[in-house]
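J.: Let me begin by handing over the structure; questions about it come next.
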Amino acid sequence: MFRIIKKSLATGVVTGQYPAAKAPSEPVSREAIEKAKPFRRSLTIREVDTGSCNACEMEMNALANPVYDVERFGVHIAASPRHTDALVVTGPVTVNMERALKDAYKQTPDPKLVIALGDCAINCGVFKGSYAVTGPVERHIPVDVRIAGCPPRPAEILAVLGELRKDRPNSDR
Amino acid sequence: MNDGRGAVEQVRGAFARAIMEIGVVHGVPMLRLRTQDVPAVARYVHTDPGLRGSLSLLWVVDHRPREARHELCYLFTLAERKDWLLLSVDLTQGEREFASITPMVHAAKWYEREIRDLFGLIPVGHPDMRRLVRHEHWPKGSHPLNKDFAWDQVLERAQGEYAFRKIHGEGVFEVPVGPIHAGIIEPGHFRFSVAGEPILQLEVRHFWKHRGIEKLFEQQRLTDAVPLAERVSGDTSVGHSLAYCQAVETLLGIAVPPRARYLRSLFLELERLHNHLGDVGAICNDTAYALAHAHCGRLKEQLMQLNDRLTESRFLRGVNTVGGVAMDLSGAQLAHVDAELHTIEQEFGGIEKILFANASLTERLENTGVLSERIAWDHAVMGVVGRASGIDRDLRRDRPFAAYHECQPKVAVYRYGDVRARMRVRLDEVHDSIRLIHALRRQLPMGPVITGPVKTPEPGQWALSAVEGWRGEILYVVMAGEEGRIHRCKVRDPSFVHWPAIQWAALGNIVPDFPLINKSFNLSYAGNDL
């Protein structure tokens, strides 16, 4: 026990110790911000991987580590699409994952946002044209927000999520 | 480099008639066999006490349009001195059937199913003829790696249903999981058959993420495909790009400058470090020990940020390039790496003490998900998972590449084969990687970091390359085509070998322990599905 307390005290607070994000290549659209309004200050996310190389997943996981600690902004990761406000989709949509993606989208209650994370989800990246890839995410479901990068850094993801929910009142309407 | 010449003599002595030709390709002895003799020879190589060959790779090349033949190649790693031995056989004149070796060599199971899907060649005698890569909605006759299959065609959707292996009996239930999982992980399907809590059977059904990577390689030039190799499995960007580059460098006759070799080792160890740290934390997290997860996550993040500062990529992408490395590190940068690793080592030592003082953690890890040495050997398991089950293999020691001739790793081997052992291997390798990086920096030679190609390979020439990534052995076979293009690129991530093995490790465990077992393997879905 003593060791644990000592370690925690010696470590201190590490949250926020990361370099500032570069400006996103594509600003968040007015419509997306408007669409995110019902979620107020919180946002629950379900991540769906439709064929990424898993680097995007690692960065999404990094959001939950103490350095980025995404929960401090009211962003939670849900275990089911039925509990979620926003689907974060990574990777080009493969032939084998197409149906699963559409199912997950259907299972997500309205109103919902779809965030295409990473170059592959936006334009198929290096996998473009392959027989096993059916196209970018927006070919199958409507996309509201795009976060470019291969993969985008966690700070860049945070910046977009912040942008999406800016000018939101602290308390209830 | 080991050449396995003694093994060739031994096989020739036993099977004089079966062997049509003996050759050596880039130091690997190769026996060309008659089609009908493959199972007998494979069995001999696999079971003979003097050879004890474990199947490392099985791949097919469609030689069209130059020659109308399919070539099957079986790569064995022999137990003694870890020599390689290659068996090869041709299918000509539209032959579509070959004799399966799976009944004798268990490790061939998925390879042969994969070959059936991707080439339409039928492994006669295979105990499991279900589809593997091509899910049921793929139309009949679509075999993407054949040369008459256009890489960019649009597939139609057919009807079909996959038949899971069934267990019948009173009180037996099936628990389907996936393809989309509860956590932030890649898609894959697990089908548990349970009676109460214990798992009676686990069937893994993957290839949801099949992106046609091997076909995409064939559309590229030898010198341009590094970015694709980096995206086979994102967490192993350095491992995969290094294995690819080495194969291409052999074809182009490039001798990589010493400084580049050292930097490659250094980056490979950095990749091993951040992944192992993340895994240790994730294993703890799956026992609900959030404190350790937080500390490991923080250290991992520190390393990722270090990567970013060094190379402008948190995954060290863009570092490896054909002929060397694309960026040099200055003295100041190297000193910075040393200093960061010094603090990480100290911190990690403290966390380790906390971990092992926690009985509720160690209790969960011990005897959970045991993969016995016998099953590991039968599946040709290696890497972290193998070393935790007593399989003493590490390419950095056995077939040194990059700078591992000069800086040798200490190989950590445990025998229990449980989650604890897999975590122990990782803990030991974290310390050893840090030691290696310090040593590499001390011995780092001066000089250029990249050289140009010496020759252009003839179409049909090929090279084999192996890299010990953080998961295990990454194998690449690259065959040159016309005008510097790629004719065939076989990619083998260790995950492809370890997924079938995890089905055994889960047996008898309770379902809530499966995430823990899965985490202790931490396999790539992307690298498996290709």
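Going through the structure tokens in order, the chains are called A, B, and so on, while each chain numbers its residues from 1 and the ligands are numbered from 1 in the order shown.
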For a quick test of understanding: name the residues of chain B lying within 6 Å of chain A when counting only C-alpha atoms, and present them as a list in words.
T.: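 Within 6 Å of chain A on chain B, we get Trp151, Asp152, Gln153, Val154, Ala182, Glu186, Trp208, Lys209, Arg211, Gly212, Arg231, Val232, Ser233, Gly234, Asp235, Gly297 and Ala526 of chain B.
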J.: Can you list, as number ranges by chain, every protein, DNA or RNA residue that comes within 7 Å of Leu222 of chain B when you count only C-alpha atoms, leaving out same-chain residues fewer than 3 positions away?
T.: B: 225, 248, 484-486
J.: Got a sec to tell me which of segment 99-275 of chain B DSSP assigns to strand (DSSP E or B), as a list in words?
T.: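 DSSP on the backbone gives strand (DSSP E or B) at Ala99, Ile122, Pro123, Val124, Val172, Phe173, Glu174, Val175, Pro176, Val177, His189, Phe190, Arg191, Phe192, Ser193, Val194, Ala195, Pro198, Ile199, Leu200, Gln201, Leu202, Glu203, Val204, Arg205 and Arg221 of chain B.
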J.: Closest to Ser42 of chain A among A:Arg30, A:Lys22, A:Lys106, A:His76, using only C-alpha atoms?
T.: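 Nearest to Ser42 of chain A: A:His76.
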J.: As a ChimeraX atom specification, list the residues of chain A assigned to helix (DSSP H, G or I) by DSSP on the backbone atoms of this structure.
T.: /A:2-11,30-39,55-62,70-73,81-83,98-107,119-123,125-127,137-139,154-164
J.: Rank B:Glu468, B:Lys410, B:Glu340, B:Ala505 by their smallest atom-to-atom distance to Arg309 of chain B, using only C-alpha atoms, and report the top residue only.
T.: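 Closest residue, counting only C-alpha atoms: B:Glu340.
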J.: Distance atom CA of Ala158 of chain B-atom CA of Asn528 of chain B, one decimal place?
T.: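 Computing the Euclidean distance for atom CA of Ala158 of chain B and atom CA of Asn528 of chain B yields 24.1 Å.
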J.: Name the residues in contact with Arg441 of chain B at a cut-off of 12 Å, using only C-alpha atoms, excluding same-chain residues fewer than 4 positions from it; report them as a ChimeraX atom specification.
T.: /B:259,261-267,269,329-339,341,403,406-407,434-437,445-446
J.: Mind dumping the selected residues with N, CA, C and O atoms as a short mmCIF file (atom, residue, chain, number, x, y, z; two decimals), in the first residue's frame?
T.:
data_model
loop_
_atom_site.label_atom_id
_atom_site.label_comp_id
_atom_site.auth_asym_id
_atom_site.auth_seq_id
_atom_site.Cartn_x
_atom_site.Cartn_y
_atom_site.Cartn_z
N ARG B 259 25.33 1.82 -40.13
CA ARG B 259 24.59 2.73 -39.27
C ARG B 259 23.08 2.51 -39.43
O ARG B 259 22.32 2.54 -38.47
N ARG B 261 21.67 -0.30 -40.25
CA ARG B 261 21.31 -1.56 -39.59
C ARG B 261 21.10 -1.35 -38.10
O ARG B 261 20.15 -1.86 -37.50
N TYR B 262 21.98 -0.56 -37.50
CA TYR B 262 21.85 -0.28 -36.07
C TYR B 262 20.57 0.50 -35.78
O TYR B 262 19.86 0.21 -34.83
N LEU B 263 20.30 1.51 -36.61
CA LEU B 263 19.10 2.31 -36.36
C LEU B 263 17.85 1.46 -36.52
O LEU B 263 16.87 1.61 -35.78
N ARG B 264 17.89 0.53 -37.47
CA ARG B 264 16.72 -0.35 -37.66
C ARG B 264 16.47 -1.18 -36.39
O ARG B 264 15.34 -1.31 -35.94
N SER B 265 17.54 -1.72 -35.84
CA SER B 265 17.39 -2.48 -34.60
C SER B 265 16.84 -1.60 -33.50
O SER B 265 15.97 -2.00 -32.73
N LEU B 266 17.36 -0.38 -33.45
CA LEU B 266 16.93 0.55 -32.40
C LEU B 266 15.43 0.85 -32.52
O LEU B 266 14.69 0.79 -31.53
N PHE B 267 14.98 1.10 -33.73
CA PHE B 267 13.55 1.40 -33.91
C PHE B 267 12.69 0.17 -33.64
O PHE B 267 11.61 0.27 -33.07
N GLU B 269 13.34 -2.13 -31.50
CA GLU B 269 13.25 -2.30 -30.05
C GLU B 269 12.32 -1.26 -29.44
O GLU B 269 11.61 -1.54 -28.48
N LEU B 329 19.47 9.80 -36.81
CA LEU B 329 19.27 10.42 -35.51
C LEU B 329 20.56 11.15 -35.12
O LEU B 329 21.65 10.60 -35.25
N SER B 330 20.41 12.37 -34.65
CA SER B 330 21.59 13.14 -34.24
C SER B 330 22.05 12.68 -32.87
O SER B 330 21.33 11.96 -32.16
N GLY B 331 23.25 13.10 -32.48
CA GLY B 331 23.78 12.75 -31.17
C GLY B 331 22.86 13.22 -30.06
O GLY B 331 22.63 12.52 -29.07
N ALA B 332 22.32 14.43 -30.24
CA ALA B 332 21.43 14.98 -29.21
C ALA B 332 20.16 14.13 -29.08
O ALA B 332 19.70 13.84 -27.98
N GLN B 333 19.63 13.72 -30.22
CA GLN B 333 18.42 12.88 -30.19
C GLN B 333 18.69 11.56 -29.48
O GLN B 333 17.88 11.08 -28.69
N LEU B 334 19.86 10.97 -29.78
CA LEU B 334 20.19 9.68 -29.17
C LEU B 334 20.37 9.83 -27.67
O LEU B 334 19.94 8.96 -26.89
N ALA B 335 20.99 10.93 -27.25
CA ALA B 335 21.15 11.17 -25.82
C ALA B 335 19.78 11.31 -25.17
O ALA B 335 19.55 10.84 -24.05
N HIS B 336 18.87 11.96 -25.88
CA HIS B 336 17.51 12.15 -25.39
C HIS B 336 16.82 10.79 -25.22
O HIS B 336 16.16 10.54 -24.20
N VAL B 337 17.00 9.89 -26.21
CA VAL B 337 16.43 8.55 -26.11
C VAL B 337 16.96 7.85 -24.87
O VAL B 337 16.21 7.27 -24.07
N ASP B 338 18.28 7.93 -24.70
CA ASP B 338 18.90 7.29 -23.53
C ASP B 338 18.30 7.79 -22.23
O ASP B 338 17.97 7.01 -21.34
N ALA B 339 18.14 9.11 -22.14
CA ALA B 339 17.64 9.71 -20.90
C ALA B 339 16.21 9.27 -20.64
O ALA B 339 15.86 8.87 -19.52
N LEU B 341 14.67 6.61 -21.72
CA LEU B 341 14.59 5.18 -21.40
C LEU B 341 15.08 4.92 -19.99
O LEU B 341 14.59 4.03 -19.30
N ALA B 403 21.15 -5.32 -36.72
CA ALA B 403 22.42 -5.24 -35.98
C ALA B 403 22.51 -6.27 -34.88
O ALA B 403 23.29 -6.12 -33.95
N GLU B 406 25.82 -8.07 -33.70
CA GLU B 406 26.72 -7.38 -32.79
C GLU B 406 26.10 -7.13 -31.42
O GLU B 406 26.81 -7.05 -30.43
N CYS B 407 24.77 -6.97 -31.39
CA CYS B 407 24.09 -6.71 -30.11
C CYS B 407 23.09 -7.84 -29.89
O CYS B 407 22.01 -7.83 -30.47
N ILE B 434 15.45 -2.27 -23.38
CA ILE B 434 16.10 -1.04 -22.94
C ILE B 434 17.61 -1.23 -22.92
O ILE B 434 18.37 -0.38 -23.42
N ARG B 435 18.04 -2.39 -22.43
CA ARG B 435 19.48 -2.67 -22.43
C ARG B 435 20.03 -2.66 -23.86
O ARG B 435 21.07 -2.07 -24.14
N LEU B 436 19.28 -3.29 -24.79
CA LEU B 436 19.73 -3.35 -26.18
C LEU B 436 19.84 -1.96 -26.79
O LEU B 436 20.79 -1.67 -27.51
N ILE B 437 18.84 -1.11 -26.51
CA ILE B 437 18.87 0.23 -27.11
C ILE B 437 20.08 1.00 -26.60
O ILE B 437 20.78 1.66 -27.37
N PRO B 445 27.76 2.90 -35.33
CA PRO B 445 28.83 3.38 -36.19
C PRO B 445 28.43 4.66 -36.93
O PRO B 445 27.24 4.97 -37.05
N MET B 446 29.43 5.39 -37.39
CA MET B 446 29.15 6.58 -38.19
C MET B 446 29.01 6.15 -39.64
O MET B 446 29.39 5.04 -40.01
#
J.: Let me make sure I understand: among B:Gly171, B:Gly27, B:Pro257, B:Gly369, which one has the smallest atom-to-atom distance to Arg420 of chain B if we use only C-alpha atoms?
T.: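 Using only C-alpha atoms, the shortest distance to Arg420 of chain B belongs to B:Gly369.
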J.: Which one of B:Leu427, B:Val511, B:Val89, B:Ala501 sits closest to Leu523 of chain B if you count only C-alpha atoms?
T.: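 Selected residue with least distance to Leu523 of chain B: B:Ala501.
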J.: At a cut-off of 10 Å, using only C-alpha atoms, what residues contact Arg32 of chain B? Leave out same-chain residues fewer than 2 positions from it and give the result as a PyMOL selection string.
T.: chain B and resi 18-23+30+34-35+38+72-73+86-90
J.: Write to file, as a short mmCIF file (atom, residue, chain, number, x, y, z; two decimals), in the first residue's frame, the residues of the selection just made, with all heavy atoms.
T.:
data_model
loop_
_atom_site.label_atom_id
_atom_site.label_comp_id
_atom_site.auth_asym_id
_atom_site.auth_seq_id
_atom_site.Cartn_x
_atom_site.Cartn_y
_atom_site.Cartn_z
N ALA B 18 12.20 -39.38 -54.34
CA ALA B 18 11.20 -38.33 -54.32
C ALA B 18 11.77 -36.97 -54.75
O ALA B 18 11.03 -36.09 -55.17
CB ALA B 18 10.62 -38.21 -52.91
N ILE B 19 13.09 -36.84 -54.63
CA ILE B 19 13.68 -35.51 -54.85
C ILE B 19 14.08 -35.35 -56.31
O ILE B 19 14.84 -36.15 -56.87
CB ILE B 19 14.89 -35.34 -53.93
CG1 ILE B 19 14.40 -35.35 -52.47
CG2 ILE B 19 15.59 -34.02 -54.22
CD1 ILE B 19 15.49 -35.50 -51.47
N MET B 20 13.54 -34.31 -56.93
CA MET B 20 13.83 -34.08 -58.33
C MET B 20 15.01 -33.15 -58.50
O MET B 20 15.71 -33.17 -59.50
CB MET B 20 12.61 -33.48 -59.03
CG MET B 20 11.43 -34.46 -59.10
SD MET B 20 9.89 -33.61 -59.39
CE MET B 20 10.19 -32.94 -61.01
N GLU B 21 15.21 -32.28 -57.53
CA GLU B 21 16.23 -31.25 -57.72
C GLU B 21 16.61 -30.70 -56.34
O GLU B 21 15.76 -30.56 -55.46
CB GLU B 21 15.63 -30.12 -58.57
CG GLU B 21 16.62 -29.14 -59.11
CD GLU B 21 15.91 -27.95 -59.77
OE1 GLU B 21 14.79 -28.15 -60.30
OE2 GLU B 21 16.46 -26.85 -59.72
N ILE B 22 17.89 -30.39 -56.17
CA ILE B 22 18.31 -29.75 -54.91
C ILE B 22 18.96 -28.42 -55.27
O ILE B 22 19.81 -28.35 -56.14
CB ILE B 22 19.32 -30.64 -54.15
CG1 ILE B 22 18.65 -31.95 -53.74
CG2 ILE B 22 19.87 -29.91 -52.94
CD1 ILE B 22 19.55 -32.90 -52.98
N GLY B 23 18.54 -27.38 -54.62
CA GLY B 23 19.12 -26.08 -54.91
C GLY B 23 19.29 -25.29 -53.64
O GLY B 23 18.88 -25.72 -52.55
N MET B 30 16.83 -25.95 -50.77
CA MET B 30 15.50 -26.16 -51.32
C MET B 30 15.45 -27.51 -52.03
O MET B 30 16.30 -27.82 -52.85
CB MET B 30 15.20 -25.03 -52.31
CG MET B 30 13.90 -25.17 -53.04
SD MET B 30 13.47 -23.55 -53.69
CE MET B 30 12.36 -24.02 -54.98
N ARG B 34 8.42 -34.54 -56.06
CA ARG B 34 7.28 -34.96 -56.87
C ARG B 34 6.02 -34.73 -56.05
O ARG B 34 6.04 -34.91 -54.83
CB ARG B 34 7.41 -36.45 -57.22
CG ARG B 34 8.61 -36.74 -58.10
CD ARG B 34 8.60 -38.19 -58.52
NE ARG B 34 8.52 -39.06 -57.33
CZ ARG B 34 8.68 -40.39 -57.38
NH1 ARG B 34 8.92 -40.97 -58.52
NH2 ARG B 34 8.60 -41.13 -56.28
N THR B 35 4.92 -34.40 -56.73
CA THR B 35 3.69 -34.02 -56.02
C THR B 35 3.28 -35.07 -55.00
O THR B 35 2.95 -34.76 -53.87
CB THR B 35 2.52 -33.85 -57.01
OG1 THR B 35 3.06 -33.67 -58.30
CG2 THR B 35 1.66 -32.69 -56.64
N VAL B 38 5.03 -35.35 -51.26
CA VAL B 38 5.11 -34.27 -50.29
C VAL B 38 4.68 -34.70 -48.88
O VAL B 38 5.42 -34.46 -47.92
CB VAL B 38 4.31 -33.03 -50.75
CG1 VAL B 38 4.28 -31.97 -49.67
CG2 VAL B 38 4.92 -32.47 -52.01
N LEU B 72 3.98 -24.69 -54.91
CA LEU B 72 3.74 -24.70 -53.47
C LEU B 72 5.08 -24.80 -52.76
O LEU B 72 5.91 -25.63 -53.14
CB LEU B 72 2.90 -25.92 -53.06
CG LEU B 72 1.40 -25.85 -53.22
CD1 LEU B 72 1.00 -26.38 -54.57
CD2 LEU B 72 0.72 -26.66 -52.13
N CYS B 73 5.28 -23.96 -51.75
CA CYS B 73 6.54 -24.00 -51.02
C CYS B 73 6.28 -24.19 -49.53
O CYS B 73 5.44 -23.51 -48.96
CB CYS B 73 7.33 -22.71 -51.23
SG CYS B 73 7.74 -22.40 -52.93
N LEU B 86 13.53 -25.88 -47.19
CA LEU B 86 12.40 -25.54 -48.03
C LEU B 86 12.06 -26.73 -48.94
O LEU B 86 12.94 -27.30 -49.58
CB LEU B 86 12.80 -24.33 -48.88
CG LEU B 86 11.72 -23.61 -49.66
CD1 LEU B 86 10.66 -23.08 -48.73
CD2 LEU B 86 12.35 -22.46 -50.43
N LEU B 87 10.79 -27.11 -48.94
CA LEU B 87 10.32 -28.13 -49.88
C LEU B 87 9.45 -27.42 -50.90
O LEU B 87 8.69 -26.52 -50.53
CB LEU B 87 9.49 -29.19 -49.16
CG LEU B 87 10.09 -29.85 -47.92
CD1 LEU B 87 9.10 -30.84 -47.33
CD2 LEU B 87 11.40 -30.54 -48.25
N SER B 88 9.55 -27.81 -52.16
CA SER B 88 8.68 -27.16 -53.12
C SER B 88 8.16 -28.18 -54.12
O SER B 88 8.77 -29.22 -54.36
CB SER B 88 9.40 -26.01 -53.83
OG SER B 88 9.85 -26.41 -55.08
N VAL B 89 7.00 -27.87 -54.65
CA VAL B 89 6.36 -28.80 -55.57
C VAL B 89 5.56 -27.98 -56.59
O VAL B 89 5.07 -26.90 -56.27
CB VAL B 89 5.48 -29.79 -54.78
CG1 VAL B 89 4.31 -29.11 -54.14
CG2 VAL B 89 5.02 -30.93 -55.63
N ASP B 90 5.48 -28.49 -57.81
CA ASP B 90 4.77 -27.76 -58.86
C ASP B 90 3.45 -28.41 -59.19
O ASP B 90 3.35 -29.63 -59.21
CB ASP B 90 5.62 -27.74 -60.14
CG ASP B 90 6.66 -26.66 -60.10
OD1 ASP B 90 6.47 -25.70 -59.32
OD2 ASP B 90 7.66 -26.78 -60.80
#
